[in-house]
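Student: Structure supplied as run-v6.cif; contents: mmCIF, C-alpha atoms.
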```cif
data_start
#
loop_
_atom_site.label_atom_id
_atom_site.label_comp_id
_atom_site.auth_asym_id
_atom_site.auth_seq_id
_atom_site.Cartn_x
_atom_site.Cartn_y
_atom_site.Cartn_z
CA MET H 23 -169.73 59.71 16.98
CA SER H 24 -170.97 61.94 19.76
CA THR H 25 -171.68 60.27 23.10
CA VAL H 26 -175.32 60.33 24.17
CA VAL H 27 -176.09 61.66 27.65
CA TYR H 28 -179.56 61.81 29.14
CA THR H 29 -181.34 64.88 30.44
CA SER H 30 -183.00 64.98 33.84
CA SER H 31 -186.46 64.95 32.25
CA LEU H 32 -185.68 61.67 30.51
CA ALA H 33 -184.02 59.95 33.43
CA GLY H 34 -186.62 61.28 35.89
CA ILE H 35 -184.22 63.23 38.10
CA PRO H 36 -186.11 65.66 40.34
CA THR H 37 -184.96 69.23 39.78
CA SER H 38 -184.51 69.74 43.53
CA GLN H 39 -182.01 66.87 43.70
CA LEU H 40 -180.18 67.69 40.49
CA PRO H 41 -176.88 69.55 40.87
CA PHE H 42 -175.59 71.31 37.81
CA PHE H 43 -173.72 69.07 35.44
CA PRO H 44 -169.99 69.72 35.83
CA LEU H 45 -169.10 71.05 32.39
CA LYS H 46 -165.66 70.43 30.99
CA PRO H 47 -164.03 73.04 28.74
CA VAL H 48 -163.07 70.37 26.20
CA LYS H 49 -165.59 70.26 23.36
CA SER H 50 -166.85 66.96 22.05
CA LYS H 51 -167.26 66.15 18.41
CA SER H 52 -169.33 68.73 16.60
CA CYS H 53 -172.78 68.16 15.18
CA ARG H 54 -174.37 69.35 12.00
CA LEU H 55 -177.98 70.51 11.88
CA ILE H 56 -179.81 68.97 8.95
CA TYR H 57 -183.42 68.82 7.83
CA TRP H 58 -185.82 65.92 7.83
CA ASP H 59 -189.54 66.24 7.31
CA VAL H 60 -191.20 64.97 10.45
CA SER H 61 -193.91 62.42 9.79
CA SER H 62 -195.61 62.06 13.17
CA VAL H 63 -195.41 62.36 16.91
CA THR H 64 -196.72 59.75 19.33
CA ILE H 65 -197.52 60.75 22.89
CA SER H 66 -197.79 57.87 25.35
CA SER H 67 -199.24 58.48 28.80
CA ASN H 68 -197.31 55.73 30.58
CA ASN H 69 -194.97 52.84 29.99
CA CYS H 70 -197.73 50.51 28.78
CA GLY H 71 -200.41 52.90 28.07
CA LYS H 72 -202.32 55.52 26.24
CA ARG H 73 -201.02 56.99 23.01
CA VAL H 74 -201.83 60.12 21.11
CA ARG H 75 -200.51 60.44 17.55
CA LEU H 76 -199.86 63.95 16.31
CA GLN H 77 -199.06 64.51 12.63
CA PHE H 78 -196.76 67.37 11.72
CA SER H 79 -194.28 68.47 9.11
CA ALA H 80 -191.81 70.64 10.99
CA ARG H 81 -188.17 69.92 10.23
CA VAL H 82 -186.12 69.23 13.31
CA THR H 83 -183.19 66.99 14.10
CA MET H 84 -179.54 66.75 14.92
CA CYS H 85 -176.97 64.42 13.47
CA SER H 86 -173.33 63.84 14.18
CA SER H 87 -170.81 65.39 11.84
CA ASN H 88 -169.64 62.06 10.51
CA PRO H 89 -169.08 62.72 6.78
CA SER H 90 -171.06 59.60 5.90
CA SER H 91 -174.21 61.23 7.28
CA ILE H 92 -174.06 64.14 4.84
CA PRO H 93 -176.82 63.54 2.28
CA SER H 94 -175.07 64.75 -0.84
CA ALA H 95 -172.06 66.85 -1.66
CA GLY H 96 -173.86 68.32 -4.65
CA TYR H 97 -176.70 69.50 -2.47
CA ARG H 98 -174.27 71.80 -0.72
CA GLN H 99 -173.00 73.51 -3.84
CA PRO H 100 -173.75 77.25 -3.82
CA LYS H 101 -176.76 78.21 -5.90
CA VAL H 102 -176.99 81.32 -8.08
CA VAL H 103 -179.98 83.67 -8.09
CA TRP H 104 -180.73 86.18 -10.84
CA ILE H 105 -183.69 88.55 -10.67
CA TRP H 106 -186.04 89.45 -13.54
CA THR H 107 -188.21 92.38 -12.57
CA GLU H 108 -189.17 95.96 -13.32
CA SER H 109 -190.12 96.72 -9.71
CA LYS H 110 -187.82 99.01 -7.80
CA GLN H 111 -189.03 97.46 -4.53
CA VAL H 112 -188.01 94.01 -5.75
CA MET H 113 -184.64 95.36 -6.86
CA THR H 114 -184.01 96.98 -3.49
CA ALA H 115 -185.00 93.86 -1.55
CA ALA H 116 -182.77 91.69 -3.74
CA VAL H 117 -179.71 93.94 -3.49
CA GLU H 118 -180.10 94.16 0.28
CA ARG H 119 -179.94 90.36 0.39
CA GLY H 120 -176.88 90.03 -1.82
CA TRP H 121 -178.52 89.31 -5.19
CA ASN H 122 -177.40 91.98 -7.64
CA THR H 123 -177.70 90.35 -11.09
CA PHE H 124 -180.79 91.59 -12.96
CA ILE H 125 -182.28 90.67 -16.32
CA PHE H 126 -183.78 93.39 -18.55
CA PRO H 127 -185.69 93.26 -21.85
CA PRO H 128 -183.89 95.01 -24.73
CA ASP H 129 -186.15 98.08 -24.49
CA ARG H 130 -185.45 98.65 -20.75
CA ARG H 131 -181.83 99.79 -20.86
CA GLU H 132 -182.86 103.13 -19.38
CA LEU H 133 -184.26 101.34 -16.35
CA ALA H 134 -180.99 99.43 -16.02
CA ASN H 135 -179.04 102.70 -16.15
CA GLU H 136 -181.34 104.26 -13.55
CA TRP H 137 -180.90 101.38 -11.13
CA SER H 138 -177.14 101.29 -11.73
CA SER H 139 -176.99 104.91 -10.56
CA ILE H 140 -178.48 104.08 -7.17
CA ALA H 141 -177.24 100.54 -6.50
CA LEU H 142 -174.33 98.31 -7.41
CA ILE H 143 -176.00 95.92 -9.85
CA HIS H 144 -174.90 93.67 -12.71
CA PRO H 145 -177.40 94.16 -15.58
CA LEU H 146 -177.97 91.52 -18.27
CA PHE H 147 -179.97 92.14 -21.45
CA ILE H 148 -182.17 89.82 -23.51
CA GLU H 149 -181.56 89.76 -27.25
CA GLU H 150 -182.95 87.06 -29.55
CA GLU H 151 -183.25 84.32 -26.91
CA LYS H 152 -179.78 85.09 -25.61
CA LEU H 153 -178.48 87.05 -22.64
CA PHE H 154 -175.66 89.62 -22.90
CA ASP H 155 -173.83 91.73 -20.36
CA SER H 156 -173.39 95.51 -20.66
CA GLU H 157 -170.29 95.02 -22.80
CA GLY H 158 -172.04 92.83 -25.33
CA ARG H 159 -170.60 89.48 -24.23
CA ARG H 160 -172.94 86.52 -24.38
CA VAL H 161 -173.65 85.23 -20.88
CA ALA H 162 -176.46 82.70 -21.36
CA ILE H 163 -179.01 81.26 -23.77
CA PHE H 164 -182.72 80.66 -23.22
CA PHE H 165 -184.35 77.29 -23.83
CA GLU H 166 -188.10 76.65 -23.60
CA VAL H 167 -189.34 73.18 -22.67
CA SER H 168 -193.01 72.39 -23.34
CA SER H 169 -192.75 68.78 -24.52
CA PRO H 170 -190.64 65.63 -23.96
CA GLN H 171 -189.13 66.09 -27.41
CA GLN H 172 -187.84 69.56 -26.54
CA LEU H 173 -186.47 68.25 -23.27
CA GLN H 174 -184.46 65.59 -25.10
CA LEU H 175 -182.82 68.32 -27.18
CA LEU H 176 -181.45 69.99 -24.05
CA GLN H 177 -178.06 68.35 -23.62
CA PRO H 178 -174.66 69.73 -22.62
CA VAL H 179 -172.53 70.48 -25.68
CA ASP H 180 -169.17 72.15 -26.11
CA LYS H 181 -170.53 75.16 -27.99
CA GLN H 182 -172.97 76.14 -25.27
CA PRO H 183 -172.18 79.15 -23.06
CA ASP H 184 -171.49 78.69 -19.38
CA ASN H 185 -175.14 79.34 -18.49
CA VAL H 186 -178.44 77.98 -19.82
CA ILE H 187 -181.80 79.42 -18.72
CA ILE H 188 -184.73 77.05 -19.11
CA ASN H 189 -188.42 77.89 -19.08
CA LEU H 190 -190.46 74.81 -18.10
CA VAL H 191 -193.90 75.55 -19.50
CA ASP H 192 -195.76 72.40 -18.45
CA TRP H 193 -194.33 69.84 -16.01
CA GLN H 194 -191.62 71.02 -13.65
CA VAL H 195 -190.40 68.33 -11.25
CA ILE H 196 -189.67 65.45 -13.64
CA PRO H 197 -188.09 67.68 -16.35
CA ALA H 198 -185.92 69.36 -13.73
CA GLU H 199 -184.75 65.97 -12.48
CA ASN H 200 -183.95 64.88 -16.04
CA ILE H 201 -181.94 68.06 -16.61
CA VAL H 202 -179.98 67.57 -13.38
CA ALA H 203 -179.11 64.04 -14.51
CA ALA H 204 -178.16 65.14 -18.03
CA PHE H 205 -175.90 67.98 -16.88
CA GLN H 206 -174.19 66.26 -13.94
CA GLY H 207 -170.44 66.63 -14.27
CA SER H 208 -170.88 69.47 -16.76
CA GLN H 209 -169.39 72.91 -16.17
CA ILE H 210 -172.60 74.51 -17.47
CA THR H 211 -174.88 76.16 -14.93
CA VAL H 212 -178.56 75.53 -15.66
CA PHE H 213 -181.03 78.13 -14.40
CA ALA H 214 -184.80 77.70 -14.25
CA ILE H 215 -187.22 80.61 -14.51
CA SER H 216 -189.31 80.64 -11.31
CA LYS H 217 -192.35 82.78 -10.68
CA THR H 218 -192.72 81.84 -7.02
CA PRO H 219 -190.36 80.79 -4.20
CA SER H 220 -192.05 77.38 -4.08
CA GLU H 221 -191.22 76.81 -7.76
CA ALA H 222 -187.64 77.81 -7.03
CA GLN H 223 -187.46 75.27 -4.22
CA VAL H 224 -188.59 72.51 -6.58
CA PHE H 225 -185.82 73.35 -9.03
CA LEU H 226 -183.14 73.77 -6.36
CA GLU H 227 -183.90 70.38 -4.78
CA ALA H 228 -184.45 68.21 -7.88
CA LEU H 229 -182.62 64.88 -7.40
CA GLU H 230 -181.22 66.35 -4.14
CA GLN H 231 -178.50 68.26 -6.00
CA GLY H 232 -180.85 70.62 -7.80
CA LEU H 233 -180.25 72.93 -10.71
CA GLY H 234 -177.37 75.38 -10.51
CA GLY H 235 -179.51 78.46 -10.14
CA ILE H 236 -182.85 80.14 -10.61
CA VAL H 237 -184.12 83.27 -12.34
CA LEU H 238 -186.76 84.71 -10.03
CA LYS H 239 -189.23 86.54 -12.29
CA VAL H 240 -191.51 88.50 -9.94
CA GLU H 241 -192.93 91.96 -9.32
CA ASP H 242 -193.61 91.48 -5.60
CA SER H 243 -190.79 91.96 -3.11
CA THR H 244 -192.40 89.42 -0.76
CA ALA H 245 -191.18 86.67 -3.08
CA VAL H 246 -187.60 87.85 -2.59
CA LEU H 247 -187.99 87.77 1.18
CA GLU H 248 -189.50 84.27 1.12
CA LEU H 249 -186.74 82.96 -1.15
CA LYS H 250 -184.08 84.41 1.13
CA ASP H 251 -185.77 82.74 4.12
CA TYR H 252 -185.64 79.45 2.24
CA PHE H 253 -181.91 79.85 1.60
CA ASP H 254 -181.34 80.73 5.26
CA ARG H 255 -183.09 77.52 6.34
CA ARG H 256 -181.28 75.53 3.68
CA ASN H 257 -177.89 76.86 4.75
CA GLU H 258 -178.47 75.81 8.35
CA ASP H 259 -177.36 72.30 7.43
CA ASN H 260 -173.86 73.72 7.06
CA ASN H 261 -173.86 75.18 10.57
CA ILE H 262 -171.53 73.35 12.92
CA LEU H 263 -173.00 72.98 16.41
CA ASN H 264 -170.45 72.25 19.11
CA LEU H 265 -171.48 69.87 21.87
CA THR H 266 -169.97 70.13 25.33
CA LYS H 267 -169.14 67.06 27.40
CA ALA H 268 -171.22 66.60 30.57
CA THR H 269 -171.09 64.00 33.34
CA ILE H 270 -174.11 62.19 34.79
CA THR H 271 -174.09 62.76 38.56
CA GLN H 272 -177.32 61.04 39.60
CA VAL H 273 -180.08 58.84 38.17
CA HIS H 274 -183.55 58.67 39.72
CA ILE H 275 -186.60 56.70 38.56
CA SER H 276 -189.73 58.85 38.71
CA GLY H 277 -193.43 58.12 38.15
CA MET H 278 -195.41 57.90 34.95
CA GLY H 279 -196.07 60.77 32.56
CA ASP H 280 -196.88 61.61 28.95
CA ARG H 281 -193.97 61.00 26.61
CA VAL H 282 -193.41 61.81 22.95
CA CYS H 283 -192.03 59.79 20.03
CA VAL H 284 -191.10 61.66 16.86
CA ASP H 285 -191.20 59.90 13.46
CA LEU H 286 -189.12 61.47 10.69
CA CYS H 287 -189.10 61.11 6.92
CA SER H 288 -185.43 60.11 6.78
CA LEU H 289 -183.52 57.17 8.18
CA MET H 290 -181.11 58.02 10.97
CA ARG H 291 -177.81 56.30 11.62
CA PRO H 292 -175.99 55.54 14.88
CA GLY H 293 -175.03 58.80 16.54
CA GLU H 294 -178.02 60.73 15.20
CA GLY H 295 -181.09 61.94 17.02
CA LEU H 296 -182.88 65.02 18.35
CA LEU H 297 -181.71 67.82 20.65
CA VAL H 298 -184.07 67.77 23.63
CA GLY H 299 -184.03 69.08 27.19
CA SER H 300 -186.09 70.25 30.16
CA PHE H 301 -184.39 73.65 29.90
CA ALA H 302 -183.78 75.56 26.69
CA ARG H 303 -180.30 76.49 27.95
CA GLY H 304 -179.11 72.90 27.71
CA LEU H 305 -180.27 70.42 25.07
CA PHE H 306 -179.20 66.78 24.95
CA LEU H 307 -178.66 64.64 21.88
CA VAL H 308 -181.24 61.86 22.30
CA HIS H 309 -180.47 58.86 20.14
CA SER H 310 -182.85 57.46 17.54
CA GLU H 311 -184.25 53.93 17.64
CA CYS H 312 -181.92 52.83 14.84
CA LEU H 313 -180.04 50.28 16.96
CA GLU H 314 -180.97 46.61 16.68
CA SER H 315 -182.51 44.64 19.56
CA ASN H 316 -183.56 41.04 20.05
CA TYR H 317 -187.22 41.71 20.86
CA ILE H 318 -188.33 44.48 18.53
CA ALA H 319 -187.31 45.69 15.08
CA SER H 320 -185.28 48.87 14.87
CA ARG H 321 -187.06 52.01 13.76
CA PRO H 322 -184.33 54.28 12.40
CA PHE H 323 -186.89 56.98 11.54
CA ARG H 324 -188.00 57.41 15.18
CA VAL H 325 -186.74 59.17 18.29
CA ASN H 326 -188.32 58.39 21.67
CA VAL H 327 -187.61 61.89 22.90
CA GLY H 328 -189.24 62.16 26.31
CA PRO H 329 -191.97 64.12 28.11
CA VAL H 330 -194.40 66.56 26.54
CA HIS H 331 -192.95 69.53 28.44
CA ALA H 332 -189.44 69.15 27.00
CA TYR H 333 -187.88 71.61 24.58
CA VAL H 334 -186.71 70.43 21.16
CA ALA H 335 -184.34 72.25 18.79
CA ILE H 336 -185.89 73.43 15.53
CA PRO H 337 -184.45 75.40 12.56
CA GLY H 338 -183.55 79.02 13.00
CA GLY H 339 -181.81 78.50 16.35
CA ARG H 340 -185.20 78.24 18.04
CA THR H 341 -186.86 75.74 20.35
CA CYS H 342 -190.43 74.66 20.95
CA TYR H 343 -192.19 72.26 23.28
CA LEU H 344 -192.62 68.70 22.07
CA SER H 345 -196.35 69.04 22.71
CA GLU H 346 -196.53 71.92 20.22
CA LEU H 347 -195.46 69.95 17.15
CA ASN H 348 -198.33 69.43 14.71
CA THR H 349 -199.28 69.78 11.05
CA GLY H 350 -201.97 72.39 11.37
CA GLU H 351 -205.60 72.78 12.32
CA ALA H 352 -208.51 70.53 11.35
CA GLU H 353 -211.34 72.87 10.37
CA ASN H 354 -214.07 70.31 9.65
CA GLY H 355 -213.85 66.80 11.09
CA THR H 356 -210.68 64.85 11.74
CA LEU H 357 -207.32 65.82 10.26
CA TYR H 358 -205.33 63.16 8.38
CA SER H 359 -201.88 63.68 6.95
CA ALA H 360 -199.53 62.10 4.42
CA LEU H 361 -196.12 63.18 3.11
CA LEU H 362 -195.54 62.38 -0.57
CA GLN H 363 -192.87 63.19 -3.10
CA ASN H 364 -193.57 66.41 -4.98
CA ALA H 365 -193.60 65.00 -8.52
CA GLU H 366 -196.06 64.80 -11.37
CA THR H 367 -195.80 61.00 -11.36
CA VAL H 368 -197.10 60.71 -7.76
CA ALA H 369 -200.86 60.89 -7.50
CA LEU H 370 -203.86 60.30 -5.22
CA ILE H 371 -206.99 58.45 -6.30
CA CYS H 372 -210.34 60.24 -6.61
CA PRO H 373 -213.77 58.75 -5.90
CA SER H 374 -215.52 57.20 -8.89
CA GLN H 375 -218.26 59.08 -10.68
CA GLY H 376 -221.02 56.51 -11.05
CA SER H 377 -219.69 53.45 -12.89
CA GLU H 378 -216.51 55.22 -13.95
CA PHE H 379 -213.48 52.94 -14.24
CA PRO H 380 -210.60 53.23 -13.89
CA LYS H 381 -210.68 55.79 -11.12
CA LYS H 382 -209.20 59.21 -11.79
CA ALA H 383 -205.83 60.13 -10.28
CA ILE H 384 -204.73 63.65 -9.30
CA PRO H 385 -200.96 64.33 -9.31
CA VAL H 386 -199.81 65.83 -6.01
CA THR H 387 -198.38 68.76 -7.96
CA SER H 388 -201.95 69.65 -9.02
CA LEU H 389 -203.74 69.14 -5.69
CA LYS H 390 -205.74 72.06 -4.36
CA VAL H 391 -208.00 72.72 -1.41
CA GLY H 392 -211.40 71.12 -1.98
CA ASP H 393 -210.20 68.16 -4.07
CA GLU H 394 -211.77 64.84 -3.03
CA ILE H 395 -209.58 61.76 -2.69
CA LEU H 396 -210.00 58.22 -1.33
CA LEU H 397 -208.97 57.44 2.26
CA LYS H 398 -209.23 54.32 4.42
CA ILE H 399 -210.23 55.05 8.02
CA GLN H 400 -209.07 52.64 10.69
CA GLY H 401 -207.97 52.55 14.30
CA GLY H 402 -204.92 54.64 15.05
CA ALA H 403 -203.58 52.86 18.15
CA ARG H 404 -201.01 50.21 17.26
CA HIS H 405 -198.43 48.05 18.96
CA THR H 406 -195.83 46.38 16.70
CA GLY H 407 -198.28 46.90 13.84
CA ILE H 408 -201.23 45.25 15.60
CA GLU H 409 -204.33 47.37 16.17
CA ILE H 410 -205.15 47.71 19.86
CA GLN H 411 -207.92 49.37 21.83
CA GLU H 412 -206.58 52.59 23.33
CA PHE H 413 -207.66 56.17 23.73
CA ILE H 414 -206.14 58.19 20.90
CA VAL H 415 -206.38 61.74 19.59
CA GLU H 416 -205.02 62.88 16.23
CA LYS H 417 -204.39 66.49 15.42
#
```
Produce structure tokens that represent the structure in this file.
Tutor:
Amino acid sequence: MSTVVYTSSLAGIPTSQLPFFPLKPVKSKSCRLIYWDVSSVTISSNNCGKRVRLQFSARVTMCSSNPSSIPSAGYRQPKVVWIWTESKQVMTAAVERGWNTFIFPPDRRELANEWSSIALIHPLFIEEEKLFDSEGRRVAIFFEVSSPQQLQLLQPVDKQPDNVIINLVDWQVIPAENIVAAFQGSQITVFAISKTPSEAQVFLEALEQGLGGIVLKVEDSTAVLELKDYFDRRNEDNNILNLTKATITQVHISGMGDRVCVDLCSLMRPGEGLLVGSFARGLFLVHSECLESNYIASRPFRVNVGPVHAYVAIPGGRTCYLSELNTGEAENGTLYSALLQNAETVALICPSQGSEFPKKAIPVTSLKVGDEILLKIQGGARHTGIEIQEFIVEK
């Protein structure tokens, strides 16, 4: 595990009295950047005092490179992307980003020949619910799923080709999870036809491991750019971040100030936390509250990260201030936030219409702006779960 050292902003060392940390050339154990959805931030104005809870969903954290902290080996398997389009702009954007396999209807061979003359592509052609390469070899079969009965028929068998392309007409999340479970251990790569990058993300993250690939069927090059951005963020969890050993030279107790606690949507283990610092040029691995104590229960989802002015590492090699983390803007009234699994079986309850019973439920996969749901409003300031009277602002 990596040793935790504390930044001057956390220990309260005045900048004027702080010599530079003597850095040793020997590198400590490396760290791996992974993603957790952040649930909330609590800002406390002093050691006893005022709290402000900020809800946000940015994904920021560091963890040690201990193999046991890696979520899933399957999640790290490379995913395959094929493109189904007749747009030259989409083709160009895809090729520039390393995706050169394209699907064409049987009557668009001329388009395939035209694109092959200007770019190095691998064309595949649809014929009778099957997919063939330019030499007539079968590459994949298509399978449409619009009912539970059809889904049950989709099972790995010896006579299947190496690739199966599924078209999920109705539900997406639960069928994708069932397919991942059914095909685990199989050498068959299952693709899902996706019409948006968000659909592709659902398929690629089903049961953490995800399907083996997606067929992006779009006519807008923006979708290609957004999907590539998603893969770039996803691949950051494979980036090894080297930490350098530093020595504490002085500790000074300062006065009170506003501090921030960050709540995540995953449980952290010993050696894991957030990269935080008063200067962006040097960020410290601040440990989570996962360790046990005699007086208060551990909170392995939380990091007590320090003052509002501190920098925190976020995906993309960037930093932001702790005070900047939030979910968005409340346009009318107070903003409330909840993070739920993206699945058709998870739902929110709607208000009753007259004497209607039972109350109607809306799956989170079908939620849209303007939907009305039930919410319990109560005081936001808490200490060990007990509501207390404090000034609090939520945003």
Student: How would you write, as a list of chain:residue names, the residues chosen by the PyMOL selection byres ((chain H and resi 141-148) around 9) on this structure?
Tutor: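 The output of the PyMOL selection byres ((chain H and resi 141-148) around 9) on this file is H:Thr114, H:Val117, H:Trp121, H:Asn122, H:Thr123, H:Phe124, H:Ile125, H:Phe126, H:Pro127, H:Pro128, H:Arg130, H:Arg131, H:Ala134, H:Asn135, H:Glu136, H:Trp137, H:Ser138, H:Ser139, H:Ile140, H:Glu149, H:Glu150, H:Glu151, H:Lys152, H:Leu153, H:Phe154, H:Asp155, H:Ser156, H:Gly158, H:Val161.
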Student: Counting only C-alpha atoms, find the residues whose atoms lie at most 9 Å from (-181.6, 58.5, 8.2) (file coordinates) and write them out as a list in words.
Tutor: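 Here is the list of nearby residues: Trp58, Ser91, Leu286, Cys287, Ser288, Leu289, Met290, Arg291, Glu294, Cys312, Pro322 and Phe323 of chain H.
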Student: Find the residue from H:Ala203, H:Ala162, H:Ala222, H:Ala332 that sits nearest to Phe301 in chain H; use all atoms listed in the file when measuring.
Tutor: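 Among H:Ala203, H:Ala162, H:Ala222, H:Ala332, it is H:Ala332 that comes nearest to Phe301 in chain H.
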Student: Pick out the closest residue to Lys217 in chain H from this set: H:Asp242, H:Leu229, H:Glu157, H:Arg340. Count only C-alpha atoms.
Tutor: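 Ranking H:Asp242, H:Leu229, H:Glu157, H:Arg340 by distance to Lys217 in chain H, first place goes to H:Asp242.
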Student: Rounded to one decimal in Å, what is the spacing between CA of Ile210 in chain H and CA of Arg160 in chain H?
Tutor: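 If I compute the distance from CA of Ile210 in chain H to CA of Arg160 in chain H, I get 13.9 Å.
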Student: With the file shown as input, list the residues that the PyMOL selection byres ((chain H and resi 342) around 10) selects, as a compact mmCIF listing (two decimals) with C-alpha atoms, in the coordinates of the input.
Tutor:
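part32.txt, freshly written:
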```txt
# COMPACT_ATOMS: atom_id res chain seq x y z
CA VAL H 298 -184.07 67.77 23.63
CA ALA H 302 -183.78 75.56 26.69
CA HIS H 331 -192.95 69.53 28.44
CA ALA H 332 -189.44 69.15 27.00
CA TYR H 333 -187.88 71.61 24.58
CA VAL H 334 -186.71 70.43 21.16
CA ALA H 335 -184.34 72.25 18.79
CA ILE H 336 -185.89 73.43 15.53
CA ARG H 340 -185.20 78.24 18.04
CA THR H 341 -186.86 75.74 20.35
CA TYR H 343 -192.19 72.26 23.28
CA LEU H 344 -192.62 68.70 22.07
CA SER H 345 -196.35 69.04 22.71
CA GLU H 346 -196.53 71.92 20.22
CA LEU H 347 -195.46 69.95 17.15
```
Student: Quick one: of H:Leu226, H:Ala383, H:Val246, H:Ala319, who's nearest to Lys101 in chain H, counting only C-alpha atoms?
Tutor: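 Using only C-alpha atoms, Lys101 in chain H sits closest to H:Leu226.
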Student: If the PyMOL selection byres ((chain H and resi 111) around 12) is run on the structure shown, which residues does it catch, given as a list in words?
Tutor: Thr107, Glu108, Ser109, Lys110, Val112, Met113, Thr114, Ala115, Ala116, Val117, Glu118, Trp137, Val240, Glu241, Asp242, Ser243, Thr244, Ala245, Val246 and Leu247 of chain H
Student: Which residues, protein or nucleic acid, reach to within 12 Å of (-177.0, 68.4, -10.1) in the file's coordinates when using all atoms listed in the file, and can you give that as a PyMOL selection string?
Tutor: chain H and resi 94-101+198-213+225-235
Student: Take CA of Thr218 in chain H and CA of Leu389 in chain H and report the distance between them in Å, one decimal.
Tutor: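 Answer for the CA of Thr218 in chain H to CA of Leu389 in chain H separation: 16.9 Å.
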Student: Between CA of Glu366 in chain H and CA of Thr387 in chain H, what is the spacing in Å?
Tutor: 5.7 Å
Student: Any chance you could build range 305-321 of chain H out to N, CA and C atoms and write it as a PDB file, in the frame of the given file?
Tutor:
```pdb
ATOM      1  N   LEU H 305    -179.554  71.449  25.815  1.00  0.00           N
ATOM      2  CA  LEU H 305    -180.270  70.420  25.070  1.00  0.00           C
ATOM      3  C   LEU H 305    -179.373  69.215  24.865  1.00  0.00           C
ATOM      4  N   PHE H 306    -179.943  68.026  25.013  1.00  0.00           N
ATOM      5  CA  PHE H 306    -179.200  66.780  24.950  1.00  0.00           C
ATOM      6  C   PHE H 306    -179.498  66.039  23.653  1.00  0.00           C
ATOM      7  N   LEU H 307    -178.491  65.398  23.113  1.00  0.00           N
ATOM      8  CA  LEU H 307    -178.660  64.640  21.880  1.00  0.00           C
ATOM      9  C   LEU H 307    -179.237  63.274  22.219  1.00  0.00           C
ATOM     10  N   VAL H 308    -180.539  63.110  22.009  1.00  0.00           N
ATOM     11  CA  VAL H 308    -181.240  61.860  22.300  1.00  0.00           C
ATOM     12  C   VAL H 308    -181.199  60.978  21.070  1.00  0.00           C
ATOM     13  N   HIS H 309    -180.730  59.760  21.250  1.00  0.00           N
ATOM     14  CA  HIS H 309    -180.470  58.860  20.140  1.00  0.00           C
ATOM     15  C   HIS H 309    -181.758  58.338  19.516  1.00  0.00           C
ATOM     16  N   SER H 310    -181.708  58.040  18.231  1.00  0.00           N
ATOM     17  CA  SER H 310    -182.850  57.460  17.540  1.00  0.00           C
ATOM     18  C   SER H 310    -182.963  55.972  17.883  1.00  0.00           C
ATOM     19  N   GLU H 311    -184.042  55.351  17.422  1.00  0.00           N
ATOM     20  CA  GLU H 311    -184.250  53.930  17.640  1.00  0.00           C
ATOM     21  C   GLU H 311    -183.692  53.112  16.467  1.00  0.00           C
ATOM     22  N   CYS H 312    -182.517  53.512  15.991  1.00  0.00           N
ATOM     23  CA  CYS H 312    -181.920  52.830  14.840  1.00  0.00           C
ATOM     24  C   CYS H 312    -181.114  51.595  15.233  1.00  0.00           C
ATOM     25  N   LEU H 313    -180.864  51.409  16.526  1.00  0.00           N
ATOM     26  CA  LEU H 313    -180.040  50.280  16.960  1.00  0.00           C
ATOM     27  C   LEU H 313    -180.885  49.006  17.033  1.00  0.00           C
ATOM     28  N   GLU H 314    -180.270  47.890  16.680  1.00  0.00           N
ATOM     29  CA  GLU H 314    -180.970  46.610  16.680  1.00  0.00           C
ATOM     30  C   GLU H 314    -181.173  46.082  18.099  1.00  0.00           C
ATOM     31  N   SER H 315    -182.278  45.325  18.294  1.00  0.00           N
ATOM     32  CA  SER H 315    -182.510  44.640  19.560  1.00  0.00           C
ATOM     33  C   SER H 315    -183.095  43.273  19.262  1.00  0.00           C
ATOM     34  N   ASN H 316    -183.103  42.405  20.260  1.00  0.00           N
ATOM     35  CA  ASN H 316    -183.560  41.040  20.050  1.00  0.00           C
ATOM     36  C   ASN H 316    -185.081  40.901  20.051  1.00  0.00           C
ATOM     37  N   TYR H 317    -185.784  41.875  20.641  1.00  0.00           N
ATOM     38  CA  TYR H 317    -187.220  41.710  20.860  1.00  0.00           C
ATOM     39  C   TYR H 317    -188.099  42.586  19.986  1.00  0.00           C
ATOM     40  N   ILE H 318    -187.519  43.591  19.359  1.00  0.00           N
ATOM     41  CA  ILE H 318    -188.330  44.480  18.530  1.00  0.00           C
ATOM     42  C   ILE H 318    -187.457  45.021  17.396  1.00  0.00           C
ATOM     43  N   ALA H 319    -188.062  45.202  16.242  1.00  0.00           N
ATOM     44  CA  ALA H 319    -187.310  45.690  15.080  1.00  0.00           C
ATOM     45  C   ALA H 319    -186.886  47.139  15.311  1.00  0.00           C
ATOM     46  N   SER H 320    -185.736  47.488  14.765  1.00  0.00           N
ATOM     47  CA  SER H 320    -185.280  48.870  14.870  1.00  0.00           C
ATOM     48  C   SER H 320    -186.169  49.781  14.042  1.00  0.00           C
ATOM     49  N   ARG H 321    -186.289  51.013  14.486  1.00  0.00           N
ATOM     50  CA  ARG H 321    -187.060  52.010  13.760  1.00  0.00           C
ATOM     51  C   ARG H 321    -186.170  53.248  13.576  1.00  0.00           C
TER      52      ARG H 321
END
```
